[in-house]
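Student: The following block contains the structure, expressed as structure tokens.
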Amino acid sequence: MTNRILGYDLARALAVFGMVVVNFKTVMSAEQGGPAWLGGLVGLLDGRAAATFVVLAGVGIALISRQSRTSQNRDQLAQDRHTLLKRALFLFVVGFLYTPIWPADILHFYGVYIAAAAYLLGTSTRRLWTYCAILVLAFVVMILTMDYSHSWDWKTLTYDGLWTPLGMVRHLFFNGFHPVVPWLAFLLLGMAIGRHDMNDRSVRRRVFMWGAGVALAAEGVSWLLIRTISRGSGLEGQEVVALLGTGPMPPMPLYMLAGAGTASAVIAAAVALSKRYENAAWLRPLVATGQLALTLYVGHVVLGMGMLEAIGRLEHQTLPFALLAAAVFCAAGVVFAHLWRSRFKRGPLEAIMRTLTEPRRPAA
């Protein structure tokens, strides 16, 4: 038995489920195709699953570099940095190759996040928090001085000029689905969380309470401001919601707080559950699912949406049907992950990435 914290894999599995629900709902144009209460409930997942993924990536980076960071061994830090940069390049390339199939791809954004994090491995936790704040505030300045809607057709969610140099930079750093500014802050938050001992119950409780409190406060403040300002201002309702809401596009401060808080609370709760039910039969398949997150991320588009398109059920569906389709894919993903991990150490795409990016050990 390793010292791996299974709760991180459990949290990643939960994020996979949330991601599948959000993406199936969006592609099927099913946001309004069901009861209002169900739409509101599912809407709470928007931007939260992806944020949890990014925070978990930051946690993983902190764990990978823990020994070199605490020892301040320059050679070891350089080795960890080199490994991360290769992994960042792999994800960036795979993500851009994947983008024509899935325009909302997050992998190429991951590549930039991880490349930035590689140069911050030895940075103090306090400075990481400072960078988080700077990124969030920098986006506010950018959206007030630049046109966030530039190149977007919001009705079809298509981005004109993505493959031009300027369009690519704008999409990547400012107005894409997961722009580096401010989404890099999620990864830096994960690095800060990963530096704490989540095996300690008091640490888990503190992370959960702070996370849940921040998320609830952000949602509450957003609701209050939208309700108050919409009455007395000349702004249209959509503008108020965009600036003060907790939706992921644009990623304004209240969304960043809500996403960061939700991710922190989910991660802390998942670790607590994994500690309490470490030997439970239901935990292992979910842990395996989290360990195959990259494979399932690509699979939910190529296989899941591909099969729905083949039977003519990909577009203009109801919300209940979208949820049913997502549940079927998630169940199949759990079964596949469990069976795969019973025979192989890593998932298919995970194994390829490790082979290409891990340092080669010298021959004995």
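If you're wondering about the labels, chains in the structure tokens are A, B, ... by order shown, residues count from 1 in each chain, ligands from 1 in order shown.
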Please return, as a PyMOL selection string, all residues of stretch 127-216 of chain A that DSSP assigns to helix (DSSP H, G or I) on the basis of the backbone.
Tutor: chain A and resi 127-145+165-175+180-194+201-216
Student: Please provide as a PyMOL selection string all residues within 10 Å of stretch 215-218 of chain A, with the sequence filter that same-chain residues fewer than 3 positions apart are discarded (counting only C-alpha atoms).
Tutor: chain A and resi 209-212+221-224+244-246+253-265
Student: When you look at stretch 188-198 of chain A with a cut-off of 7 Å (counting only C-alpha atoms), what residues show up, excluding the ones that are within fewer than 3 positions of it in the same chain? I need them as number ranges by chain.
Tutor: A: 55-59, 61-63, 125, 128, 132, 184-185, 203-204
Student: Report, in Å to a single decimal, how far apart atom CA of A:Met142 and atom CA of A:Leu120 are.
Tutor: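 So the two atoms, atom CA of A:Leu120 and atom CA of A:Met142, lie 23.5 Å apart.
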Student: What is the atom CA of A:Ala104 to atom CA of A:Leu144 distance in Å?
Tutor: 24.1 Å
Student: Can you measure atom CA of A:Val180 to atom CA of A:Leu45 for me? One decimal in Å is fine.
Tutor: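 Atom-to-atom, atom CA of A:Val180 to atom CA of A:Leu45, that is 20.5 Å.
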Student: Among the residues of stretch 17-265 of chain A, find those DSSP assigns to strand (DSSP E or B) from the backbone and print them as JSON, numbers by chain.
Tutor: {"A": [152, 153, 158, 159]}
Student: Any idea what's packed within 12 Å of A:Gly306, counting only C-alpha atoms, ignoring anything in its chain fewer than 3 positions away? Could you give it as a count of residues only?
Tutor: 18
Student: Using only C-alpha atoms, which residues of stretch 325-355 of chain A come within 9 Å of stretch 268-285 of chain A, and what is the closest atom pair for each, with the distance in Å to one decimal? Give it as CSV, sorted by chain and residue number.
Tutor:
residue,atom,partner,partner_atom,distance
A:Val334,CA,A:Pro285,CA,6.0
A:Val335,CA,A:Pro285,CA,7.1
A:Ala337,CA,A:Pro285,CA,6.9
A:His338,CA,A:Pro285,CA,4.8
A:Leu339,CA,A:Pro285,CA,8.5
A:Arg341,CA,A:Pro285,CA,8.8
Student: Write a file of the just-selected residues containing N, CA, C and O atoms, as a short mmCIF file (atom, residue, chain, number, x, y, z; two decimals), in the first residue's frame.
Tutor:
data_model
loop_
_atom_site.label_atom_id
_atom_site.label_comp_id
_atom_site.auth_asym_id
_atom_site.auth_seq_id
_atom_site.Cartn_x
_atom_site.Cartn_y
_atom_site.Cartn_z
N VAL A 334 -16.72 4.27 -15.24
CA VAL A 334 -16.31 3.67 -13.97
C VAL A 334 -15.96 2.19 -14.16
O VAL A 334 -14.94 1.71 -13.66
N VAL A 335 -16.81 1.49 -14.88
CA VAL A 335 -16.57 0.06 -15.13
C VAL A 335 -15.28 -0.12 -15.92
O VAL A 335 -14.43 -0.97 -15.58
N ALA A 337 -12.70 1.95 -16.20
CA ALA A 337 -11.53 2.34 -15.39
C ALA A 337 -11.17 1.24 -14.39
O ALA A 337 -9.99 0.92 -14.20
N HIS A 338 -12.19 0.67 -13.74
CA HIS A 338 -11.94 -0.37 -12.74
C HIS A 338 -11.31 -1.60 -13.38
O HIS A 338 -10.32 -2.15 -12.86
N LEU A 339 -11.84 -2.03 -14.53
CA LEU A 339 -11.30 -3.20 -15.20
C LEU A 339 -9.90 -2.92 -15.74
O LEU A 339 -9.01 -3.77 -15.65
N ARG A 341 -7.64 -0.71 -14.61
CA ARG A 341 -6.68 -0.59 -13.52
C ARG A 341 -6.41 -1.92 -12.82
O ARG A 341 -5.40 -2.08 -12.14
#
Student: May I ask which of the residues A:Leu286, A:Leu349, A:Ala117, A:Val266 is the closest one to A:Phe208, counting only C-alpha atoms?
Tutor: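 Answer, going by the shortest atom-to-atom distance: A:Val266.
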Student: Pick the closest to A:Thr70 from A:Gly40, A:Gly220, A:Gly122, A:Gly347: which is it, counting only C-alpha atoms?
Tutor: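 Of all the options, A:Gly122 lies closest to A:Thr70.
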Student: Taking 4 positions as the minimum chain separation for residues in the same chain, which residues sit within 12 Å of A:Met146 when counting only C-alpha atoms? Answer as a short mmCIF file (atom, residue, chain, number, x, y, z; two decimals) with N, CA, C and O atoms, in the first residue's frame.
Tutor:
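The resulting file, result_2.cif, is shown below:
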data_model
loop_
_atom_site.label_atom_id
_atom_site.label_comp_id
_atom_site.auth_asym_id
_atom_site.auth_seq_id
_atom_site.Cartn_x
_atom_site.Cartn_y
_atom_site.Cartn_z
N ALA A 138 -6.14 41.33 -12.44
CA ALA A 138 -5.69 41.64 -13.79
C ALA A 138 -6.78 41.38 -14.81
O ALA A 138 -6.94 42.14 -15.78
N PHE A 139 -7.57 40.33 -14.60
CA PHE A 139 -8.65 40.06 -15.54
C PHE A 139 -9.70 41.16 -15.49
O PHE A 139 -10.26 41.53 -16.52
N VAL A 140 -9.98 41.69 -14.31
CA VAL A 140 -10.94 42.79 -14.20
C VAL A 140 -10.46 43.99 -15.02
O VAL A 140 -11.23 44.62 -15.76
N VAL A 141 -9.18 44.31 -14.90
CA VAL A 141 -8.61 45.42 -15.69
C VAL A 141 -8.73 45.12 -17.18
O VAL A 141 -9.11 45.99 -17.98
N MET A 142 -8.44 43.89 -17.56
CA MET A 142 -8.49 43.51 -18.97
C MET A 142 -9.91 43.62 -19.53
O MET A 142 -10.11 44.14 -20.63
N HIS A 150 -14.99 39.93 -28.36
CA HIS A 150 -14.29 39.93 -29.65
C HIS A 150 -14.12 38.49 -30.17
O HIS A 150 -13.64 37.61 -29.45
N ARG A 170 -5.26 35.76 -27.91
CA ARG A 170 -6.41 36.37 -27.21
C ARG A 170 -7.26 35.29 -26.55
O ARG A 170 -7.67 35.42 -25.40
N PHE A 174 -7.11 35.52 -22.62
CA PHE A 174 -8.13 36.50 -22.19
C PHE A 174 -9.56 36.02 -22.30
O PHE A 174 -10.28 35.97 -21.30
N ASN A 175 -10.02 35.64 -23.51
CA ASN A 175 -11.45 35.40 -23.63
C ASN A 175 -11.81 34.01 -24.16
O ASN A 175 -12.87 33.81 -24.75
#
Student: Which residue out of A:Ser230, A:Phe53, A:Arg206, A:Ile5 has the minimum interatomic distance to A:Phe17 when only C-alpha atoms are used?
Tutor: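 The closest residue to A:Phe17 is A:Phe53.
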Student: A:Pro165, A:Met305, A:Phe344, A:Gly95: which is nearest A:Ala325, counting only C-alpha atoms?
Tutor: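 Closest to A:Ala325 of all the choices is A:Met305.
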